[in-house]
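Trainee: Got a structure for you, entry_29.csv, holding CSV, C-alpha atoms.
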chain,number,residue,atom,x,y,z
A,253,MET,CA,-16.4,-66.6,43.0
A,254,LEU,CA,-19.0,-64.8,45.1
A,255,ILE,CA,-16.3,-62.5,46.3
A,256,VAL,CA,-15.4,-61.4,42.8
A,257,PHE,CA,-19.1,-61.1,41.9
A,258,ILE,CA,-19.9,-58.8,44.9
A,259,ARG,CA,-16.7,-56.8,44.3
A,260,GLY,CA,-17.7,-56.4,40.7
A,261,ILE,CA,-21.1,-55.0,41.8
A,262,ILE,CA,-19.5,-52.6,44.3
A,263,LEU,CA,-17.0,-51.4,41.7
A,264,TYR,CA,-19.6,-51.0,39.1
A,265,VAL,CA,-21.6,-48.7,41.4
A,266,LEU,CA,-18.4,-46.8,42.2
A,267,VAL,CA,-17.5,-46.4,38.5
A,268,VAL,CA,-21.0,-45.2,37.6
A,269,PHE,CA,-20.8,-42.7,40.5
A,270,SER,CA,-17.4,-41.5,39.3
A,271,ALA,CA,-18.6,-41.0,35.8
A,272,ARG,CA,-21.6,-39.0,37.1
A,273,LEU,CA,-19.3,-36.9,39.3
A,274,MET,CA,-17.0,-36.2,36.4
A,275,GLY,CA,-19.9,-35.5,34.0
A,276,LYS,CA,-18.3,-37.3,31.2
A,277,ARG,CA,-18.8,-36.3,27.6
A,278,GLN,CA,-18.7,-38.7,24.6
A,279,LEU,CA,-15.4,-40.5,24.3
A,280,GLY,CA,-14.5,-38.6,21.2
A,281,GLU,CA,-14.7,-35.3,22.9
A,282,LEU,CA,-12.4,-36.1,25.9
A,283,SER,CA,-9.3,-34.1,26.3
A,284,PRO,CA,-6.0,-36.1,26.6
A,285,ALA,CA,-6.0,-35.8,30.4
A,286,GLU,CA,-9.6,-36.9,30.7
A,287,LEU,CA,-8.9,-39.9,28.3
A,288,VAL,CA,-6.0,-41.0,30.4
A,289,ILE,CA,-8.0,-40.8,33.6
A,290,THR,CA,-10.8,-42.8,32.1
A,291,ILE,CA,-8.4,-45.5,31.0
A,292,LEU,CA,-6.7,-45.5,34.4
A,293,ILE,CA,-10.0,-45.9,36.3
A,294,SER,CA,-11.0,-48.8,34.1
A,295,ASN,CA,-7.6,-50.5,34.7
A,296,ILE,CA,-7.7,-50.0,38.5
A,297,ALA,CA,-11.3,-51.3,38.6
A,298,THR,CA,-10.4,-54.4,36.6
A,299,LEU,CA,-7.4,-55.1,38.8
A,300,THR,CA,-9.4,-54.7,42.0
A,301,MET,CA,-12.2,-57.0,40.7
A,302,GLU,CA,-9.8,-59.7,39.5
A,303,GLU,CA,-7.5,-59.8,42.6
A,304,PRO,CA,-9.4,-60.7,45.8
A,305,ASP,CA,-6.1,-60.4,47.7
A,306,VAL,CA,-6.1,-56.6,47.1
A,307,PRO,CA,-8.3,-54.9,49.7
A,308,LEU,CA,-11.3,-53.3,48.0
A,309,ILE,CA,-10.6,-50.0,49.6
A,310,MET,CA,-7.2,-50.0,47.9
A,311,GLY,CA,-9.0,-50.0,44.6
A,312,MET,CA,-11.7,-47.5,45.6
A,313,ILE,CA,-9.3,-44.9,46.9
A,314,PRO,CA,-7.3,-44.4,43.7
A,315,ILE,CA,-10.4,-44.3,41.6
A,316,LEU,CA,-12.0,-41.6,43.9
A,317,THR,CA,-8.7,-39.7,44.1
A,318,LEU,CA,-8.5,-39.5,40.3
A,319,VAL,CA,-12.1,-38.5,39.9
A,320,CYS,CA,-11.9,-35.8,42.5
A,321,LEU,CA,-8.6,-34.5,41.1
A,322,ASP,CA,-10.3,-34.4,37.6
A,323,VAL,CA,-13.2,-32.4,39.0
A,324,THR,CA,-10.9,-30.0,41.0
A,325,VAL,CA,-8.6,-29.4,38.0
A,326,SER,CA,-11.6,-28.8,35.8
A,327,TYR,CA,-12.9,-26.2,38.2
A,328,ILE,CA,-9.5,-24.5,38.3
A,329,THR,CA,-9.1,-24.5,34.5
A,330,LEU,CA,-12.6,-23.0,34.3
A,331,ARG,CA,-11.5,-20.1,36.4
A,332,SER,CA,-7.9,-19.7,35.1
A,333,ARG,CA,-6.9,-19.3,31.5
A,334,THR,CA,-3.3,-20.1,32.4
A,335,ALA,CA,-4.3,-23.3,34.1
A,336,ARG,CA,-6.4,-24.2,31.1
A,337,ARG,CA,-3.4,-23.6,28.8
A,338,VAL,CA,-1.1,-25.8,31.0
A,339,VAL,CA,-3.6,-28.7,31.4
A,340,SER,CA,-5.3,-28.8,28.0
A,341,GLY,CA,-3.0,-26.8,25.8
A,342,GLN,CA,-4.4,-24.4,23.3
A,343,PRO,CA,-5.7,-24.7,19.8
A,344,ARG,CA,-3.1,-24.1,17.1
A,345,VAL,CA,-3.8,-22.7,13.7
A,346,ILE,CA,-2.2,-24.7,10.9
A,347,ILE,CA,-3.8,-23.1,7.9
A,348,SER,CA,-4.7,-19.4,7.7
A,349,GLN,CA,-5.8,-17.4,4.7
A,350,GLY,CA,-5.3,-20.6,2.7
A,351,VAL,CA,-1.6,-20.7,3.6
A,352,ILE,CA,-0.2,-23.7,5.5
A,353,ASP,CA,1.8,-22.8,8.6
A,354,GLN,CA,4.6,-25.4,8.2
A,355,LYS,CA,6.3,-24.4,11.5
A,356,ALA,CA,3.1,-25.0,13.4
A,357,MET,CA,2.7,-28.4,11.8
A,358,LYS,CA,6.2,-29.3,12.7
A,359,ASP,CA,5.7,-28.2,16.3
A,360,LEU,CA,2.6,-30.4,16.5
A,361,ARG,CA,4.3,-33.3,14.7
A,362,TYR,CA,1.6,-33.3,12.1
A,363,THR,CA,2.6,-34.5,8.7
A,364,VAL,CA,0.9,-33.5,5.4
A,365,ASP,CA,-0.5,-37.0,5.2
A,366,ASP,CA,-2.2,-36.5,8.6
A,367,VAL,CA,-3.8,-33.2,7.5
A,368,CYS,CA,-4.9,-34.6,4.2
A,369,ALA,CA,-6.4,-37.7,5.9
A,370,THR,CA,-8.4,-35.5,8.3
A,371,LEU,CA,-9.6,-33.3,5.4
A,372,ARG,CA,-10.8,-36.3,3.5
A,373,THR,CA,-12.9,-37.5,6.5
A,374,GLN,CA,-14.6,-34.1,6.3
A,375,GLY,CA,-15.2,-34.5,2.6
A,376,ILE,CA,-12.4,-32.2,1.4
A,377,PHE,CA,-10.1,-33.7,-1.2
A,378,ASP,CA,-8.3,-30.6,-2.3
A,379,LEU,CA,-6.0,-28.7,0.1
A,380,SER,CA,-6.4,-25.5,-1.9
A,381,GLN,CA,-10.1,-25.4,-0.9
A,382,VAL,CA,-9.2,-24.8,2.7
A,383,GLN,CA,-9.3,-21.3,4.0
A,384,TYR,CA,-8.6,-22.0,7.7
A,385,ALA,CA,-7.7,-25.0,9.7
A,386,ILE,CA,-7.1,-25.3,13.5
A,387,VAL,CA,-6.0,-28.2,15.6
A,388,GLU,CA,-8.1,-28.4,18.7
A,389,THR,CA,-6.9,-29.4,22.1
A,390,THR,CA,-8.5,-32.8,21.6
A,391,GLY,CA,-6.3,-33.4,18.6
A,392,SER,CA,-9.1,-33.1,16.0
A,393,ILE,CA,-8.9,-30.6,13.2
A,394,SER,CA,-11.6,-28.0,12.5
A,395,VAL,CA,-11.7,-26.8,8.9
A,396,LEU,CA,-13.3,-23.8,7.2
A,397,GLN,CA,-13.4,-24.0,3.4
A,398,LYS,CA,-13.0,-21.1,1.1
A,399,ALA,CA,-16.2,-19.3,0.3
A,400,PRO,CA,-16.7,-20.7,-3.3
A,401,ASN,CA,-16.3,-24.2,-1.9
A,402,ARG,CA,-18.7,-23.9,0.9
A,403,PRO,CA,-22.3,-25.2,0.7
A,404,LEU,CA,-24.7,-22.5,-0.5
A,405,THR,CA,-26.7,-20.6,2.1
A,406,PRO,CA,-29.5,-18.1,1.7
A,407,SER,CA,-27.3,-15.3,2.9
A,408,SER,CA,-24.5,-16.2,0.5
A,409,LEU,CA,-27.1,-16.1,-2.4
A,410,GLU,CA,-28.0,-12.5,-1.6
A,411,LYS,CA,-24.4,-11.4,-1.0
A,412,PRO,CA,-21.5,-13.6,-1.9
A,413,GLU,CA,-19.1,-14.0,1.0
A,414,PRO,CA,-15.5,-13.3,0.6
A,415,SER,CA,-13.0,-16.0,1.6
A,416,CYS,CA,-11.6,-14.9,4.9
A,417,ASP,CA,-10.5,-16.4,8.2
A,418,PRO,CA,-13.1,-16.7,11.0
A,419,PRO,CA,-13.4,-14.0,13.7
A,420,VAL,CA,-10.5,-13.8,16.2
A,421,CYS,CA,-11.3,-13.9,19.9
A,422,LEU,CA,-9.9,-10.8,21.7
A,423,ILE,CA,-11.6,-11.0,25.1
A,424,SER,CA,-12.6,-14.3,26.7
A,425,ASP,CA,-14.6,-14.3,29.9
A,426,GLY,CA,-13.3,-11.0,31.1
A,427,ASP,CA,-9.7,-11.7,30.1
A,428,LEU,CA,-7.9,-9.7,27.4
A,429,ILE,CA,-6.1,-12.0,25.1
A,430,ALA,CA,-5.4,-9.6,22.2
A,431,ASN,CA,-2.0,-8.1,21.4
A,432,ASP,CA,-1.1,-4.6,22.5
A,433,GLU,CA,-2.2,-2.9,19.3
A,434,ASP,CA,-5.6,-4.5,19.3
A,435,ALA,CA,-5.9,-4.0,23.0
A,436,LYS,CA,-5.8,-0.2,22.6
A,437,ASP,CA,-8.5,-0.3,19.9
A,438,ILE,CA,-10.7,-2.5,22.1
A,439,LYS,CA,-10.4,-0.3,25.1
A,440,LYS,CA,-11.4,2.8,23.0
A,441,VAL,CA,-14.5,0.9,21.8
A,442,LEU,CA,-15.4,-0.3,25.2
A,443,LYS,CA,-15.0,3.1,26.7
A,444,LYS,CA,-17.5,4.5,24.2
A,445,LYS,CA,-20.0,1.8,25.3
A,446,HIS,CA,-19.2,2.4,29.0
A,447,LEU,CA,-17.9,-1.1,29.5
A,448,GLU,CA,-14.8,-2.5,31.0
A,449,ILE,CA,-12.9,-5.6,29.9
A,450,LYS,CA,-14.1,-7.6,32.9
A,451,ASP,CA,-17.7,-6.9,31.9
A,452,VAL,CA,-17.3,-8.6,28.5
A,453,PHE,CA,-18.0,-12.3,28.1
A,454,ILE,CA,-16.6,-12.6,24.6
A,455,CYS,CA,-15.4,-10.1,22.1
A,456,THR,CA,-14.4,-11.1,18.5
A,457,ARG,CA,-13.1,-9.2,15.5
A,458,ASP,CA,-13.9,-10.4,12.0
A,459,ALA,CA,-11.8,-10.0,8.9
A,460,ASN,CA,-13.3,-6.6,8.3
A,461,GLY,CA,-12.2,-5.3,11.7
A,462,GLU,CA,-15.7,-5.2,13.1
A,463,LEU,CA,-16.0,-6.1,16.8
A,464,ASP,CA,-18.8,-8.3,18.1
A,465,ILE,CA,-19.2,-7.8,21.9
A,466,ILE,CA,-21.3,-10.0,24.2
A,467,LYS,CA,-21.6,-8.7,27.7
A,468,LYS,CA,-21.5,-10.9,30.8
A,469,SER,CA,-25.1,-11.5,32.0
A,470,LYS,CA,-24.3,-9.6,35.3
A,471,ALA,CA,-23.0,-6.5,33.5
A,472,LYS,CA,-25.4,-3.6,33.1
B,94,MET,CA,-19.8,-26.0,42.3
B,95,LYS,CA,-21.7,-28.9,43.8
B,96,ARG,CA,-19.3,-31.4,42.1
B,97,LEU,CA,-16.4,-29.4,43.5
B,98,TYR,CA,-17.7,-29.5,47.0
B,99,ILE,CA,-18.4,-33.3,46.7
B,100,SER,CA,-14.8,-33.8,45.4
B,101,LEU,CA,-13.3,-31.8,48.2
B,102,PHE,CA,-15.3,-33.7,50.7
B,103,ILE,CA,-14.1,-37.0,49.3
B,104,PHE,CA,-10.5,-35.7,49.4
B,105,ALA,CA,-11.0,-34.8,53.1
B,106,LEU,CA,-12.6,-38.2,53.8
B,107,ILE,CA,-9.7,-40.1,52.1
B,108,ILE,CA,-7.1,-38.2,54.0
B,109,THR,CA,-8.9,-38.7,57.3
B,110,LEU,CA,-9.3,-42.5,56.5
B,111,GLY,CA,-5.6,-42.6,55.7
B,112,ILE,CA,-4.6,-41.1,59.0
B,113,LEU,CA,-7.1,-43.2,60.8
B,114,SER,CA,-5.8,-46.4,59.2
B,115,ILE,CA,-2.3,-45.6,60.5
B,116,TYR,CA,-3.6,-45.0,63.9
B,117,LEU,CA,-5.8,-48.1,63.9
B,118,ILE,CA,-2.9,-50.4,62.7
B,119,SER,CA,-0.5,-48.8,65.2
B,120,ASN,CA,-3.0,-49.4,68.0
B,121,ALA,CA,-3.6,-53.0,66.8
B,122,ASN,CA,0.2,-53.6,66.5
B,123,SER,CA,0.7,-52.4,70.1
B,124,LYS,CA,-1.8,-54.9,71.4
B,125,LEU,CA,-0.2,-57.7,69.3
B,126,TYR,CA,3.3,-56.7,70.5
B,127,GLY,CA,2.1,-56.9,74.1
B,128,GLU,CA,0.9,-60.4,73.6
B,129,ILE,CA,4.0,-61.5,71.8
B,130,GLU,CA,6.2,-60.0,74.5
B,131,SER,CA,4.3,-61.9,77.2
B,132,VAL,CA,4.9,-65.1,75.2
B,133,ILE,CA,8.6,-64.3,74.8
B,134,ALA,CA,9.1,-63.3,78.4
B,135,GLY,CA,7.2,-66.4,79.6
B,136,TYR,CA,9.3,-68.7,77.3
B,137,LYS,CA,12.6,-67.1,78.5
B,138,ASN,CA,11.6,-67.5,82.1
B,139,GLY,CA,10.7,-71.2,81.5
B,140,GLN,CA,7.0,-70.7,82.4
B,141,ASP,CA,4.1,-72.6,80.8
B,142,ILE,CA,3.0,-70.3,78.0
B,143,THR,CA,0.2,-72.4,76.6
B,144,GLU,CA,-2.4,-69.8,77.8
B,145,ASN,CA,-0.2,-67.0,76.5
B,146,ILE,CA,-0.1,-68.6,73.0
B,147,ASP,CA,-3.9,-69.0,73.1
B,148,SER,CA,-4.2,-65.3,74.2
B,149,LEU,CA,-1.9,-64.4,71.3
B,150,ASP,CA,-4.1,-66.3,68.9
B,151,LYS,CA,-7.2,-64.5,70.0
B,152,ALA,CA,-5.4,-61.2,69.8
B,153,PHE,CA,-4.4,-62.0,66.3
B,154,LYS,CA,-8.0,-62.7,65.3
B,155,ARG,CA,-9.0,-59.2,66.5
B,156,TYR,CA,-5.9,-57.8,64.8
B,157,SER,CA,-6.7,-59.5,61.4
B,158,LEU,CA,-10.3,-58.0,61.6
B,159,VAL,CA,-8.9,-54.5,61.9
B,160,VAL,CA,-5.9,-54.8,59.6
B,161,GLY,CA,-7.3,-57.3,57.0
B,162,SER,CA,-9.4,-54.6,55.4
B,163,LEU,CA,-6.6,-52.1,55.1
B,164,SER,CA,-3.6,-54.3,54.2
B,165,GLY,CA,-3.0,-57.1,51.7
B,166,ASP,CA,-3.9,-60.7,52.7
B,167,GLN,CA,-0.3,-62.0,52.1
B,168,LYS,CA,1.3,-60.5,55.3
B,169,ILE,CA,-1.8,-61.3,57.4
B,170,GLN,CA,-1.5,-64.9,56.2
B,171,GLN,CA,2.2,-65.0,57.0
B,172,ILE,CA,1.5,-63.9,60.6
B,173,GLU,CA,-1.3,-66.4,60.9
B,174,GLU,CA,1.0,-69.3,59.7
B,175,SER,CA,3.7,-68.2,62.2
B,176,ILE,CA,1.3,-68.1,65.1
B,177,SER,CA,-0.2,-71.5,64.2
B,178,ARG,CA,3.3,-73.0,64.3
B,179,LEU,CA,4.1,-71.5,67.7
B,180,ARG,CA,2.2,-74.1,69.8
B,181,ALA,CA,3.8,-77.0,67.9
B,182,MET,CA,7.2,-75.4,68.2
B,183,TYR,CA,6.8,-74.8,71.9
B,184,GLU,CA,5.6,-78.4,72.6
B,185,ALA,CA,8.5,-79.7,70.5
B,186,ASP,CA,10.9,-77.3,72.3
B,187,SER,CA,12.1,-76.0,69.0
B,188,ASP,CA,15.1,-73.7,68.8
B,189,GLU,CA,13.3,-71.6,66.3
B,190,PHE,CA,10.4,-70.7,68.7
B,191,LEU,CA,11.8,-67.3,69.6
B,192,ALA,CA,12.7,-66.6,66.0
B,193,GLU,CA,9.1,-67.2,64.9
B,194,CYS,CA,7.9,-64.9,67.6
B,195,TYR,CA,10.2,-62.1,66.5
B,196,LEU,CA,9.1,-62.8,62.9
B,197,VAL,CA,5.5,-62.1,63.8
B,198,LYS,CA,6.6,-58.7,65.3
B,199,THR,CA,8.6,-57.9,62.2
B,200,ILE,CA,5.8,-58.6,59.8
B,201,ALA,CA,3.4,-56.6,61.9
B,202,ALA,CA,5.9,-53.7,61.8
B,203,GLU,CA,6.1,-54.0,58.0
B,204,ILE,CA,2.3,-53.8,57.8
B,205,LEU,CA,2.4,-50.5,59.7
B,206,ALA,CA,5.4,-49.2,57.7
B,207,GLU,CA,3.5,-49.8,54.4
B,208,GLN,CA,0.8,-47.4,55.5
B,209,LYS,CA,3.1,-44.5,56.2
B,210,PRO,CA,3.7,-42.1,53.3
B,211,THR,CA,7.5,-41.8,53.5
B,212,VAL,CA,9.7,-40.7,50.6
B,213,GLN,CA,11.1,-44.2,50.1
B,214,ARG,CA,7.6,-45.7,50.0
B,215,LEU,CA,6.4,-43.0,47.5
B,216,LEU,CA,9.4,-43.5,45.2
Would you put the structure from the file into structure tokens?
Mentor:
Amino acid sequence: MLIVFIRGIILYVLVVFSARLMGKRQLGELSPAELVITILISNIATLTMEEPDVPLIMGMIPILTLVCLDVTVSYITLRSRTARRVVSGQPRVIISQGVIDQKAMKDLRYTVDDVCATLRTQGIFDLSQVQYAIVETTGSISVLQKAPNRPLTPSSLEKPEPSCDPPVCLISDGDLIANDEDAKDIKKVLKKKHLEIKDVFICTRDANGELDIIKKSKAK
Amino acid sequence: MKRLYISLFIFALIITLGILSIYLISNANSKLYGEIESVIAGYKNGQDITENIDSLDKAFKRYSLVVGSLSGDQKIQQIEESISRLRAMYEADSDEFLAECYLVKTIAAEILAEQKPTVQRLL
């Protein structure tokens, strides 16, 4: 009994250290890979605590391996957009300009019932009120309502906003993610501002075609 | 970056420990084999091997200290049971004395084989 008790304490310290090293967010914000790792760690820790025949080190090593892999992969995905796409996937638009992308929903295996249920949790009971909806990498759906259905704001009182999709990201952390046509336009604008693509932290284009450029803090 | 460095350090530590464990178990096995071989040789030559069996027992105690923390208890217990039977078998002049000695060697070899990352073990 004492053995199980002491192993429990050691594993508790290890799990807390692991959670600190991973820098866990709230459970609801975990990506699929992070959720799997969290569940795996808890299972391994439980098994090691309950089975005194299993050497403690045989429980600690897989936990530490998973944690270190998670941190290393996080660092790689931070640096590489391709790695991010492979590990976490990418958000997928399912409603744009108020029109449902049925192919996207089929690819994601999302039924109409799933979408309507998610909208209801966000207080939207009419699909026609939705301007834009995107499925995030965590599986949650972010929704933008059409302008007449949005809560009133001081700016919308002065000048009513038209219903349009949110701005599209064209440059992300120095990487160009726009199509060829948009790329040419961006390069022209950046040239006028004496900037290069690698100097830009984020560049978005709204529905009116206006670009919003935020430079990297090191760029002049 | 600090987290990454800590993670890479832990990776290096785990790999080092893994290689070290194979070396330690291999070393411990060699010593145990030596004691078992002296018991077997003495038995085959018809010598009094009571002291050899005691020496084997002591060697196993040192072996279990090293290997016990790296391998499961089950195989260590099997070796312990076999060695504890050896004296009684020798005194009773049992036919299975040598078989028991070779069993100890086999189990010790299995413990070492379990640590090696071969393709068969990984799959």
Trainee: Should the cut-off be 8 Å, what would the residue list for chain B against chain A look like, counting all atoms listed in the file, as a ChimeraX atom specification?
Mentor: /B:96-97,100-101,103-104,107,161-167
Trainee: Quick one: residues within 8 Å of stretch 197-204 of chain B, only C-alpha atoms, excluding same-chain residues fewer than 2 positions away - as a ChimeraX atom specification?
Mentor: /B:118,122,125-126,129,164,168,171-172,175-176,193-195,206-208
Trainee: What does the distance between atom CA of B:Met94 and atom CA of B:Leu106 come to in Å, to one decimal place?
Mentor: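 These two atoms are separated by 18.2 Å.
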Trainee: So how many Å separate atom CA of B:Tyr116 and atom CA of B:Leu205, to one decimal?
Mentor: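 It comes out at 9.2 Å.
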Trainee: Near A:Asp437, counting only C-alpha atoms, which residues have an atom at most 12 Å away, once you skip same-chain residues fewer than 3 positions from it, shown as an MDAnalysis selection string?
Mentor: chainID A and resid 422 430:434 440:444 457 461:463
Trainee: One number please: atom CA of A:Glu388 to atom CA of A:Ser407, in Å, one decimal.
Mentor: 28.1 Å
Trainee: Quick one: of B:Ser177, B:Lys154, B:Val160, B:Ala121, who's nearest to B:Phe190, counting only C-alpha atoms?
Mentor: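 Of B:Ser177, B:Lys154, B:Val160, B:Ala121, the one nearest B:Phe190 is B:Ser177, counting only C-alpha atoms.
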Trainee: So that I can check the surroundings of A:Ser332, please list as a VMD selection string every protein, DNA and RNA residue that reaches within 12 Å of it, counting only C-alpha atoms and ignoring chain neighbours fewer than 5 positions away.
Mentor: chain A and resid 325 to 327 337 to 340 424 to 427
Trainee: Neighbourhood query: residues within 9 Å of (-1.6, -74.8, 68.3), file coordinates, counting all atoms listed in the file; return as a compact mmCIF listing (two decimals) with C-alpha atoms, keeping the file's coordinate frame.
Mentor:
# COMPACT_ATOMS: atom_id res chain seq x y z
CA THR B 143 0.20 -72.40 76.60
CA ILE B 146 -0.10 -68.60 73.00
CA ASP B 147 -3.90 -69.00 73.10
CA ASP B 150 -4.10 -66.30 68.90
CA ILE B 176 1.30 -68.10 65.10
CA SER B 177 -0.20 -71.50 64.20
CA ARG B 178 3.30 -73.00 64.30
CA LEU B 179 4.10 -71.50 67.70
CA ARG B 180 2.20 -74.10 69.80
CA ALA B 181 3.80 -77.00 67.90
CA MET B 182 7.20 -75.40 68.20
Trainee: Counting all atoms listed in the file, which residue out of B:Thr211, B:Tyr183, B:Leu191, B:Val159 sits closest to B:Ser119?
Mentor: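 Residue with the minimum atom-to-atom distance to B:Ser119: B:Val159.
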Trainee: Could you write stretch 144-152 of chain B as a compact mmCIF listing (two decimals), keeping the file's coordinate frame, with all heavy atoms rebuilt where they are missing?
Mentor:
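Produced file rebuild.txt, reproduced below:
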# COMPACT_ATOMS: atom_id res chain seq x y z
N GLU B 144 -1.28 -70.82 77.70
CA GLU B 144 -2.40 -69.80 77.80
C GLU B 144 -1.96 -68.54 77.05
O GLU B 144 -2.79 -67.90 76.40
CB GLU B 144 -2.68 -69.48 79.24
CG GLU B 144 -3.62 -70.50 79.88
CD GLU B 144 -4.02 -70.09 81.29
OE1 GLU B 144 -3.98 -68.88 81.59
OE2 GLU B 144 -4.37 -70.99 82.07
N ASN B 145 -0.69 -68.17 77.17
CA ASN B 145 -0.20 -67.00 76.50
C ASN B 145 -0.33 -67.12 74.97
O ASN B 145 -0.69 -66.18 74.27
CB ASN B 145 1.27 -66.70 76.82
CG ASN B 145 1.47 -66.43 78.29
OD1 ASN B 145 0.97 -67.16 79.15
ND2 ASN B 145 2.19 -65.38 78.60
N ILE B 146 -0.01 -68.34 74.49
CA ILE B 146 -0.10 -68.60 73.00
C ILE B 146 -1.59 -68.51 72.62
O ILE B 146 -1.92 -67.95 71.57
CB ILE B 146 0.49 -69.96 72.66
CG1 ILE B 146 2.01 -69.91 72.89
CG2 ILE B 146 0.19 -70.30 71.20
CD1 ILE B 146 2.72 -71.24 72.69
N ASP B 147 -2.49 -69.05 73.44
CA ASP B 147 -3.90 -69.00 73.10
C ASP B 147 -4.38 -67.49 73.11
O ASP B 147 -5.14 -67.07 72.24
CB ASP B 147 -4.77 -69.69 74.19
CG ASP B 147 -4.65 -71.19 74.04
OD1 ASP B 147 -4.28 -71.64 72.93
OD2 ASP B 147 -4.91 -71.93 75.02
N SER B 148 -3.86 -66.74 74.07
CA SER B 148 -4.20 -65.30 74.20
C SER B 148 -3.67 -64.57 72.93
O SER B 148 -4.34 -63.69 72.38
CB SER B 148 -3.59 -64.73 75.44
OG SER B 148 -3.92 -63.38 75.56
N LEU B 149 -2.49 -64.97 72.51
CA LEU B 149 -1.90 -64.40 71.30
C LEU B 149 -2.76 -64.68 70.08
O LEU B 149 -3.01 -63.81 69.23
CB LEU B 149 -0.48 -64.89 71.11
CG LEU B 149 0.24 -64.47 69.80
CD1 LEU B 149 0.40 -62.95 69.71
CD2 LEU B 149 1.61 -65.13 69.68
N ASP B 150 -3.22 -65.91 70.02
CA ASP B 150 -4.10 -66.30 68.90
C ASP B 150 -5.36 -65.52 68.83
O ASP B 150 -5.78 -65.05 67.77
CB ASP B 150 -4.40 -67.83 69.06
CG ASP B 150 -4.92 -68.42 67.77
OD1 ASP B 150 -4.36 -68.07 66.69
OD2 ASP B 150 -5.87 -69.22 67.81
N LYS B 151 -5.96 -65.29 69.99
CA LYS B 151 -7.20 -64.50 70.00
C LYS B 151 -6.90 -63.03 69.65
O LYS B 151 -7.67 -62.39 68.93
CB LYS B 151 -7.81 -64.50 71.45
CG LYS B 151 -8.53 -65.80 71.77
CD LYS B 151 -9.06 -65.81 73.18
CE LYS B 151 -9.56 -67.20 73.52
NZ LYS B 151 -9.71 -67.42 74.97
N ALA B 152 -5.78 -62.54 70.16
CA ALA B 152 -5.40 -61.20 69.80
C ALA B 152 -5.17 -61.00 68.32
O ALA B 152 -5.54 -59.99 67.73
CB ALA B 152 -4.12 -60.77 70.59
